[in-house]
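Printed here is start_29.json (JSON, C-alpha atoms and all ligand atoms):
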[["chain", "number", "residue", "atom", "x", "y", "z"],
["A", 816, "MET", "CA", 4.34, -34.04, -53.04],
["A", 817, "TYR", "CA", 3.55, -34.94, -56.62],
["A", 818, "LEU", "CA", 0.64, -35.00, -59.04],
["A", 819, "LYS", "CA", -0.81, -38.53, -59.03],
["A", 820, "SER", "CA", -3.71, -38.22, -61.41],
["A", 821, "ILE", "CA", -6.02, -35.99, -63.39],
["A", 822, "GLU", "CA", -9.63, -36.90, -64.08],
["A", 823, "LEU", "CA", -11.47, -35.05, -66.83],
["A", 824, "GLN", "CA", -15.06, -35.28, -67.98],
["A", 825, "GLY", "CA", -16.72, -32.91, -70.41],
["A", 826, "PHE", "CA", -13.66, -30.64, -70.26],
["A", 827, "LYS", "CA", -12.77, -29.23, -73.71],
["A", 828, "SER", "CA", -11.96, -32.18, -76.04],
["A", 829, "PHE", "CA", -12.33, -34.77, -73.21],
["A", 830, "ALA", "CA", -16.02, -35.63, -73.56],
["A", 831, "ASN", "CA", -15.75, -39.07, -71.92],
["A", 832, "LYS", "CA", -14.50, -39.56, -68.41],
["A", 833, "THR", "CA", -10.71, -39.86, -68.79],
["A", 834, "VAL", "CA", -8.20, -40.57, -66.03],
["A", 835, "LEU", "CA", -4.49, -39.82, -66.57],
["A", 836, "LYS", "CA", -2.22, -41.42, -63.98],
["A", 837, "PHE", "CA", 1.29, -40.14, -63.24],
["A", 838, "ASN", "CA", 4.18, -41.68, -61.36],
["A", 839, "LYS", "CA", 7.02, -39.93, -59.58],
["A", 840, "GLY", "CA", 9.62, -38.58, -61.99],
["A", 841, "ILE", "CA", 9.12, -37.20, -65.47],
["A", 842, "THR", "CA", 6.06, -37.93, -67.61],
["A", 843, "GLY", "CA", 5.74, -36.75, -71.18],
["A", 844, "ILE", "CA", 2.42, -36.35, -72.99],
["A", 845, "VAL", "CA", 2.79, -36.80, -76.73],
["A", 846, "GLY", "CA", 0.25, -36.70, -79.51],
["A", 847, "PRO", "CA", -0.56, -35.16, -82.90],
["A", 848, "ASN", "CA", -1.37, -31.47, -83.24],
["A", 849, "GLY", "CA", -4.80, -30.65, -81.86],
["A", 850, "SER", "CA", -5.13, -33.93, -79.97],
["A", 851, "GLY", "CA", -5.62, -32.22, -76.60],
["A", 852, "LYS", "CA", -2.17, -32.04, -74.95],
["A", 853, "SER", "CA", -2.51, -28.38, -73.99],
["A", 854, "ASN", "CA", -6.08, -29.04, -72.83],
["A", 855, "VAL", "CA", -4.59, -31.22, -70.07],
["A", 856, "ALA", "CA", -2.47, -28.29, -68.81],
["A", 857, "ASP", "CA", -5.55, -26.01, -69.12],
["A", 858, "ALA", "CA", -7.48, -28.49, -66.98],
["A", 859, "VAL", "CA", -4.89, -28.25, -64.19],
["A", 860, "ARG", "CA", -4.95, -24.43, -64.34],
["A", 861, "TRP", "CA", -8.75, -24.43, -64.34],
["A", 862, "VAL", "CA", -9.18, -26.75, -61.36],
["A", 863, "LEU", "CA", -6.72, -24.59, -59.39],
["A", 864, "GLY", "CA", -9.07, -21.65, -59.80],
["A", 865, "GLU", "CA", -8.24, -19.95, -63.09],
["A", 866, "GLN", "CA", -10.95, -17.33, -63.64],
["A", 867, "SER", "CA", -9.79, -15.93, -66.96],
["A", 868, "ALA", "CA", -11.21, -17.67, -70.03],
["A", 869, "ARG", "CA", -8.42, -16.07, -72.09],
["A", 870, "GLN", "CA", -5.75, -17.80, -70.00],
["A", 871, "LEU", "CA", -7.54, -21.04, -70.92],
["A", 872, "ARG", "CA", -7.43, -20.11, -74.60],
["A", 873, "GLY", "CA", -11.16, -19.42, -74.79],
["A", 874, "SER", "CA", -13.33, -16.32, -74.93],
["A", 875, "LYS", "CA", -15.83, -17.21, -72.21],
["A", 876, "MET", "CA", -15.78, -19.70, -69.34],
["A", 877, "GLU", "CA", -18.41, -21.86, -71.05],
["A", 878, "ASP", "CA", -15.75, -22.65, -73.68],
["A", 879, "VAL", "CA", -14.21, -25.19, -71.28],
["A", 880, "ILE", "CA", -17.32, -27.38, -71.65],
["A", 881, "PHE", "CA", -17.22, -29.98, -74.44],
["A", 882, "SER", "CA", -18.93, -28.22, -77.35],
["A", 883, "GLY", "CA", -19.72, -31.29, -79.43],
["A", 884, "THR", "CA", -18.47, -32.78, -82.66],
["A", 885, "GLU", "CA", -20.13, -33.95, -85.88],
["A", 886, "ASN", "CA", -21.09, -37.21, -84.18],
["A", 887, "ARG", "CA", -21.58, -36.11, -80.64],
["A", 888, "LYS", "CA", -23.83, -33.60, -78.91],
["A", 889, "PRO", "CA", -22.37, -30.89, -76.64],
["A", 890, "LEU", "CA", -22.29, -31.72, -72.93],
["A", 891, "GLY", "CA", -23.89, -29.72, -70.16],
["A", 892, "PHE", "CA", -21.01, -29.60, -67.70],
["A", 893, "ALA", "CA", -17.24, -29.85, -67.35],
["A", 894, "TYR", "CA", -15.53, -31.61, -64.44],
["A", 895, "VAL", "CA", -11.84, -31.87, -63.56],
["A", 896, "ALA", "CA", -10.25, -33.42, -60.46],
["A", 897, "ILE", "CA", -6.54, -33.56, -59.63],
["A", 898, "THR", "CA", -5.13, -35.87, -56.98],
["A", 899, "ILE", "CA", -1.90, -34.92, -55.25],
["A", 900, "ASP", "CA", 0.26, -37.18, -53.11],
["A", 901, "ASN", "CA", 0.85, -35.27, -49.87],
["A", 902, "SER", "CA", 2.68, -37.97, -47.90],
["A", 903, "ASP", "CA", 5.51, -35.47, -47.23],
["A", 904, "HIS", "CA", 2.87, -33.01, -45.89],
["A", 905, "LYS", "CA", 4.17, -30.12, -47.94],
["A", 906, "LEU", "CA", 0.57, -28.99, -48.19],
["A", 907, "PRO", "CA", -0.75, -27.70, -44.86],
["A", 908, "ILE", "CA", -3.36, -30.42, -44.33],
["A", 909, "ASP", "CA", -3.39, -33.72, -42.41],
["A", 910, "TYR", "CA", -4.38, -35.84, -45.42],
["A", 911, "GLU", "CA", -1.79, -38.03, -47.18],
["A", 912, "GLU", "CA", -3.65, -37.51, -50.42],
["A", 913, "LEU", "CA", -5.60, -34.52, -51.66],
["A", 914, "THR", "CA", -8.20, -34.30, -54.40],
["A", 915, "VAL", "CA", -9.26, -30.90, -55.65],
["A", 916, "ALA", "CA", -12.17, -30.83, -58.10],
["A", 917, "ARG", "CA", -14.11, -28.18, -59.99],
["A", 918, "ARG", "CA", -17.36, -28.50, -61.90],
["A", 919, "VAL", "CA", -19.18, -25.94, -64.03],
["A", 920, "TYR", "CA", -22.56, -26.15, -65.76],
["A", 921, "ARG", "CA", -23.68, -24.25, -68.86],
["A", 922, "SER", "CA", -26.06, -22.29, -66.62],
["A", 923, "GLY", "CA", -22.92, -20.80, -65.01],
["A", 924, "GLU", "CA", -23.44, -22.66, -61.75],
["A", 925, "SER", "CA", -20.14, -24.01, -60.44],
["A", 926, "GLU", "CA", -18.51, -25.61, -57.44],
["A", 927, "TYR", "CA", -15.14, -26.55, -55.98],
["A", 928, "LEU", "CA", -14.55, -29.67, -53.90],
["A", 929, "ILE", "CA", -11.60, -30.43, -51.62],
["A", 930, "ASN", "CA", -11.49, -34.14, -50.77],
["A", 931, "GLY", "CA", -15.18, -34.34, -51.66],
["A", 932, "HIS", "CA", -16.26, -31.39, -49.50],
["A", 933, "THR", "CA", -17.81, -28.35, -51.14],
["A", 934, "SER", "CA", -15.31, -25.51, -50.82],
["A", 935, "ARG", "CA", -14.77, -21.93, -51.86],
["A", 936, "LEU", "CA", -12.32, -20.74, -54.48],
["A", 937, "LYS", "CA", -10.53, -18.97, -51.60],
["A", 938, "ASP", "CA", -10.00, -22.33, -49.82],
["A", 939, "VAL", "CA", -8.42, -23.82, -52.94],
["A", 940, "GLN", "CA", -6.19, -20.78, -53.41],
["A", 941, "GLU", "CA", -5.06, -20.72, -49.77],
["A", 942, "LEU", "CA", -4.18, -24.40, -49.86],
["A", 943, "PHE", "CA", -1.63, -23.79, -52.60],
["A", 944, "PHE", "CA", -0.20, -20.39, -51.58],
["A", 945, "ASP", "CA", 3.62, -20.46, -51.60],
["A", 946, "THR", "CA", 3.86, -23.95, -53.04],
["A", 947, "GLY", "CA", 4.35, -22.80, -56.64],
["A", 948, "ILE", "CA", 1.29, -24.86, -57.58],
["A", 949, "GLY", "CA", -1.49, -22.25, -57.56],
["A", 950, "LYS", "CA", -2.83, -20.80, -60.76],
["A", 951, "GLU", "CA", -0.30, -17.95, -60.42],
["A", 952, "GLY", "CA", 2.45, -20.39, -59.49],
["A", 953, "TYR", "CA", 5.37, -21.42, -61.63],
["A", 954, "SER", "CA", 4.57, -25.13, -61.71],
["A", 955, "ILE", "CA", 2.86, -24.62, -65.06],
["A", 956, "ILE", "CA", 5.02, -22.76, -67.54],
["A", 957, "GLY", "CA", 2.92, -22.21, -70.65],
["A", 958, "GLN", "CA", 4.02, -21.43, -74.16],
["A", 959, "GLY", "CA", 5.42, -17.88, -74.27],
["A", 960, "GLN", "CA", 5.65, -17.58, -70.49],
["A", 961, "ILE", "CA", 9.44, -17.80, -70.38],
["A", 962, "ASP", "CA", 9.61, -14.65, -72.52],
["A", 963, "LYS", "CA", 7.15, -12.99, -70.18],
["A", 964, "ILE", "CA", 9.31, -13.83, -67.18],
["A", 965, "LEU", "CA", 12.48, -12.60, -68.85],
["A", 966, "SER", "CA", 11.12, -9.42, -70.32],
["A", 967, "GLY", "CA", 8.20, -8.76, -67.98],
["A", 968, "LYS", "CA", 7.70, -5.85, -65.64],
["A", 969, "PRO", "CA", 9.77, -6.02, -62.41],
["A", 970, "GLU", "CA", 6.49, -6.23, -60.40],
["A", 971, "ASP", "CA", 5.52, -9.39, -62.31],
["A", 972, "ARG", "CA", 8.90, -10.99, -61.65],
["A", 973, "ARG", "CA", 8.66, -9.97, -58.00],
["A", 974, "GLU", "CA", 5.40, -12.01, -57.72],
["A", 975, "LEU", "CA", 7.31, -15.08, -58.85],
["A", 976, "PHE", "CA", 10.03, -14.58, -56.23],
["A", 977, "ASP", "CA", 7.43, -13.89, -53.52],
["A", 978, "GLU", "CA", 5.82, -17.25, -54.30],
["A", 979, "ALA", "CA", 9.20, -19.01, -54.29],
["A", 980, "VAL", "CA", 10.28, -17.64, -50.91],
["A", 981, "GLY", "CA", 6.86, -18.31, -49.40],
["A", 982, "ILE", "CA", 5.53, -14.87, -48.47],
["A", 983, "VAL", "CA", 2.43, -14.72, -50.69],
["A", 984, "LYS", "CA", 0.08, -15.91, -47.95],
["A", 985, "TYR", "CA", 1.34, -13.17, -45.60],
["A", 986, "LYS", "CA", 0.97, -10.50, -48.26],
["A", 987, "LYS", "CA", -2.59, -11.64, -49.04],
["A", 988, "ARG", "CA", -3.49, -11.69, -45.33],
["A", 989, "LYS", "CA", -1.97, -8.22, -44.88],
["A", 990, "ALA", "CA", -4.00, -6.88, -47.82],
["A", 991, "LEU", "CA", -7.19, -8.37, -46.35],
["A", 992, "ALA", "CA", -6.43, -6.96, -42.87],
["A", 993, "GLU", "CA", -5.79, -3.50, -44.39],
["A", 994, "LYS", "CA", -9.08, -3.68, -46.30],
["A", 995, "ASN", "CA", -11.00, -4.62, -43.14],
["A", 996, "LEU", "CA", -9.21, -1.89, -41.18],
["A", 997, "ASN", "CA", -10.29, 0.64, -43.79],
["A", 998, "ILE", "CA", -13.93, -0.47, -43.55],
["A", 999, "GLU", "CA", -13.77, -0.14, -39.75],
["A", 1000, "LYS", "CA", -12.22, 3.34, -40.07],
["A", 1001, "GLN", "CA", -15.12, 4.42, -42.29],
["A", 1002, "ASN", "CA", -17.59, 3.01, -39.76],
["A", 1003, "LEU", "CA", -15.83, 4.89, -36.97],
["A", 1004, "TYR", "CA", -16.03, 8.19, -38.93],
["A", 1005, "ARG", "CA", -19.76, 7.64, -39.39],
["A", 1006, "VAL", "CA", -20.30, 6.95, -35.69],
["A", 1007, "THR", "CA", -18.25, 10.04, -34.76],
["A", 1008, "ASP", "CA", -20.38, 12.14, -37.15],
["A", 1009, "ILE", "CA", -23.63, 10.84, -35.63],
["A", 1010, "LEU", "CA", -22.31, 11.46, -32.12],
["A", 1011, "SER", "CA", -21.31, 15.03, -32.90],
["A", 1012, "GLU", "CA", -24.76, 15.67, -34.44],
["A", 1013, "LEU", "CA", -26.42, 14.39, -31.25],
["A", 1014, "GLU", "CA", -24.27, 16.52, -28.95],
["G", 1101, "LIG", "P1", -0.71, -28.62, -80.52],
["G", 1101, "LIG", "O1", 0.28, -29.74, -80.54],
["G", 1101, "LIG", "O2", -1.06, -28.12, -81.89],
["G", 1101, "LIG", "O3", -0.37, -27.51, -79.55],
["G", 1101, "LIG", "P2", -2.55, -29.89, -78.65],
["G", 1101, "LIG", "O4", -2.38, -31.38, -78.65],
["G", 1101, "LIG", "O5", -1.95, -29.14, -77.51],
["G", 1101, "LIG", "O6", -2.12, -29.26, -80.04],
["G", 1101, "LIG", "P3", -5.02, -28.73, -77.78],
["G", 1101, "LIG", "O7", -4.78, -27.30, -78.08],
["G", 1101, "LIG", "O8", -4.89, -29.18, -76.38],
["G", 1101, "LIG", "O9", -4.12, -29.63, -78.72],
["G", 1101, "LIG", "O10", -6.48, -29.18, -78.26],
["G", 1101, "LIG", "C1", -7.13, -28.55, -79.30],
["G", 1101, "LIG", "C2", -8.36, -29.36, -79.61],
["G", 1101, "LIG", "O11", -9.29, -29.26, -78.54],
["G", 1101, "LIG", "C3", -9.02, -28.83, -80.86],
["G", 1101, "LIG", "O12", -9.32, -29.94, -81.69],
["G", 1101, "LIG", "C4", -10.28, -28.21, -80.35],
["G", 1101, "LIG", "O13", -11.35, -28.34, -81.26],
["G", 1101, "LIG", "C5", -10.56, -29.04, -79.11],
["G", 1101, "LIG", "N1", -11.38, -28.30, -78.17],
["G", 1101, "LIG", "C6", -11.06, -27.18, -77.47],
["G", 1101, "LIG", "N2", -12.11, -26.77, -76.72],
["G", 1101, "LIG", "C7", -13.11, -27.65, -76.96],
["G", 1101, "LIG", "C8", -14.46, -27.76, -76.49],
["G", 1101, "LIG", "N3", -15.00, -26.89, -75.62],
["G", 1101, "LIG", "N4", -15.20, -28.80, -76.95],
["G", 1101, "LIG", "C9", -14.68, -29.69, -77.83],
["G", 1101, "LIG", "N5", -13.42, -29.64, -78.30],
["G", 1101, "LIG", "C10", -12.65, -28.63, -77.88]]

Written as structure tokens, that's how I'd like the structure from this file.
Amino acid sequence: MYLKSIELQGFKSFANKTVLKFNKGITGIVGPNGSGKSNVADAVRWVLGEQSARQLRGSKMEDVIFSGTENRKPLGFAYVAITIDNSDHKLPIDYEELTVARRVYRSGESEYLINGHTSRLKDVQELFFDTGIGKEGYSIIGQGQIDKILSGKPEDRRELFDEAVGIVKYKKRKALAEKNLNIEKQNLYRVTDILSELE
């Protein structure tokens, strides 16, 4: 499994449609200060479901949309798509290739697409659980993150190990099952109350 390409349009400094293609092995992105190198990493985080504008070095989500320059008007939407080679089927889907895309409009309206099909954020997250690729994964190590890992709280480090050994999806499912169980318990209490009032 490897990242084959990133397509950006209207995302931060990438006003025009731009496609970056990667091969297997190591690729370096070089450029002058402020030319948009970190914006590429932000785009990958964003398409994988990042919900925090701060993590994307902005103050609100709208900040990911191209805000214009002296010669160019702001754009109304941002779009990013990443294509992953899945010929080794490390991702739990039948497809040899996977494209995950996200689009957001200034109105706040947004959508995720998995291989062209409208999807939920949850679907995108579940696809990448325990692969190290998700927005919480360790496939993107940002500036300052190494310090965070080394000096962070034990719970934070534990999350990293959980992802590496592949138990995140079970923990998430357990948390969801416990939440649903709690709701059902509350419902049962209510029914018992009504029954005892009727008796
Ligand atoms: P450095 O080497 O200094 O870390 P960099 O190449 O990583 O720089 P980025 O931080 O990726 O650069 O890009 C910063 C540029 O992106 C700035 O010029 C900033 O004005 C531009 N930029 C960020 N958000 C937007 C936006 N919403 N619309 C237009 N331009 C934006």

Q. Which chains and residue numbers are within 7 Å of ligand LIG 1101 (chain G), counting all atoms listed in the file, if I want them as a list in words?
A.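 Counting all atoms listed in the file, the residues within 7 Å of ligand LIG 1101 (chain G) come out as Phe826, Lys827, Ser828, Gly846, Pro847, Asn848, Gly849, Ser850, Gly851, Lys852, Ser853, Asn854, Val855, Asp878, Val879, Ile880, Phe881, Ser882, Gly883 and Thr884 of chain A.
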
Q | Gap from atom CA of A:Leu906 to atom CA of A:Ala893 - Å, one decimal | A | 26.2 Å

Q | Exercise: A:Leu871 partners within 8 Å, all atoms listed in the file, chain neighbours under 2 positions left out, as a PyMOL selection string | A | chain A and resi 857+860-861+865+867-869+873+879

Q) Excluding same-chain residues fewer than 4 positions from A:Ser922, what lies within 9 Å of it counting all atoms listed in the file, as a list in words? A)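 Here the answer would be Glu877, Gly891 and Phe892 of chain A.
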
Q. Between atom CA of A:Arg917 and atom CA of A:Asn886, what is the spacing in Å?
A. 26.7 Å

Q.
Between A:Ile998, A:Leu936, A:Val983, A:Ala858, which residue has the minimum interatomic distance to A:Thr833, considering all atoms listed in the file?
A. A:Ala858

Q: Can you work out the spacing between atom CA of A:Met816 and atom CA of A:His904 in Å, to one decimal?
A: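 Pair atom CA of A:Met816 / atom CA of A:His904 returns 7.4 Å.
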
Q: Using only C-alpha atoms, pick whichever of A:Thr898, A:Gln824, A:Ser1011, A:Thr933 has the shortest atom-to-atom distance to A:Thr914.
A: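 Ranked by minimum distance to A:Thr914, first place goes to A:Thr898.
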
Q: Return the single residue from A:Ala856, A:Ile897, A:Leu835, A:Ala830 that is closest to A:Ile956, with distances computed using all atoms listed in the file.
A: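 Under the stated criterion, the closest residue is A:Ala856.
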
Q: Might you pull out every residue within 8 Å of A:Ser902, with only C-alpha atoms counted and same-chain residues fewer than 6 positions away left off, and present them as a list in words?
A: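 Residues meeting the cut-off are Met816, Tyr910, Glu911 and Glu912 of chain A.
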
Neighbouring residues of A:Gln940 were defined as those with any atom within 8 Å, considering all atoms listed in the file; residues of the same chain fewer than 4 positions away were excluded. Please report them as a CSV table (one decimal) with C-alpha atoms, keeping the file's coordinate frame.
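That gives us around.csv:
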chain,number,residue,atom,x,y,z
A,863,LEU,CA,-6.7,-24.6,-59.4
A,864,GLY,CA,-9.1,-21.6,-59.8
A,936,LEU,CA,-12.3,-20.7,-54.5
A,944,PHE,CA,-0.2,-20.4,-51.6
A,949,GLY,CA,-1.5,-22.2,-57.6
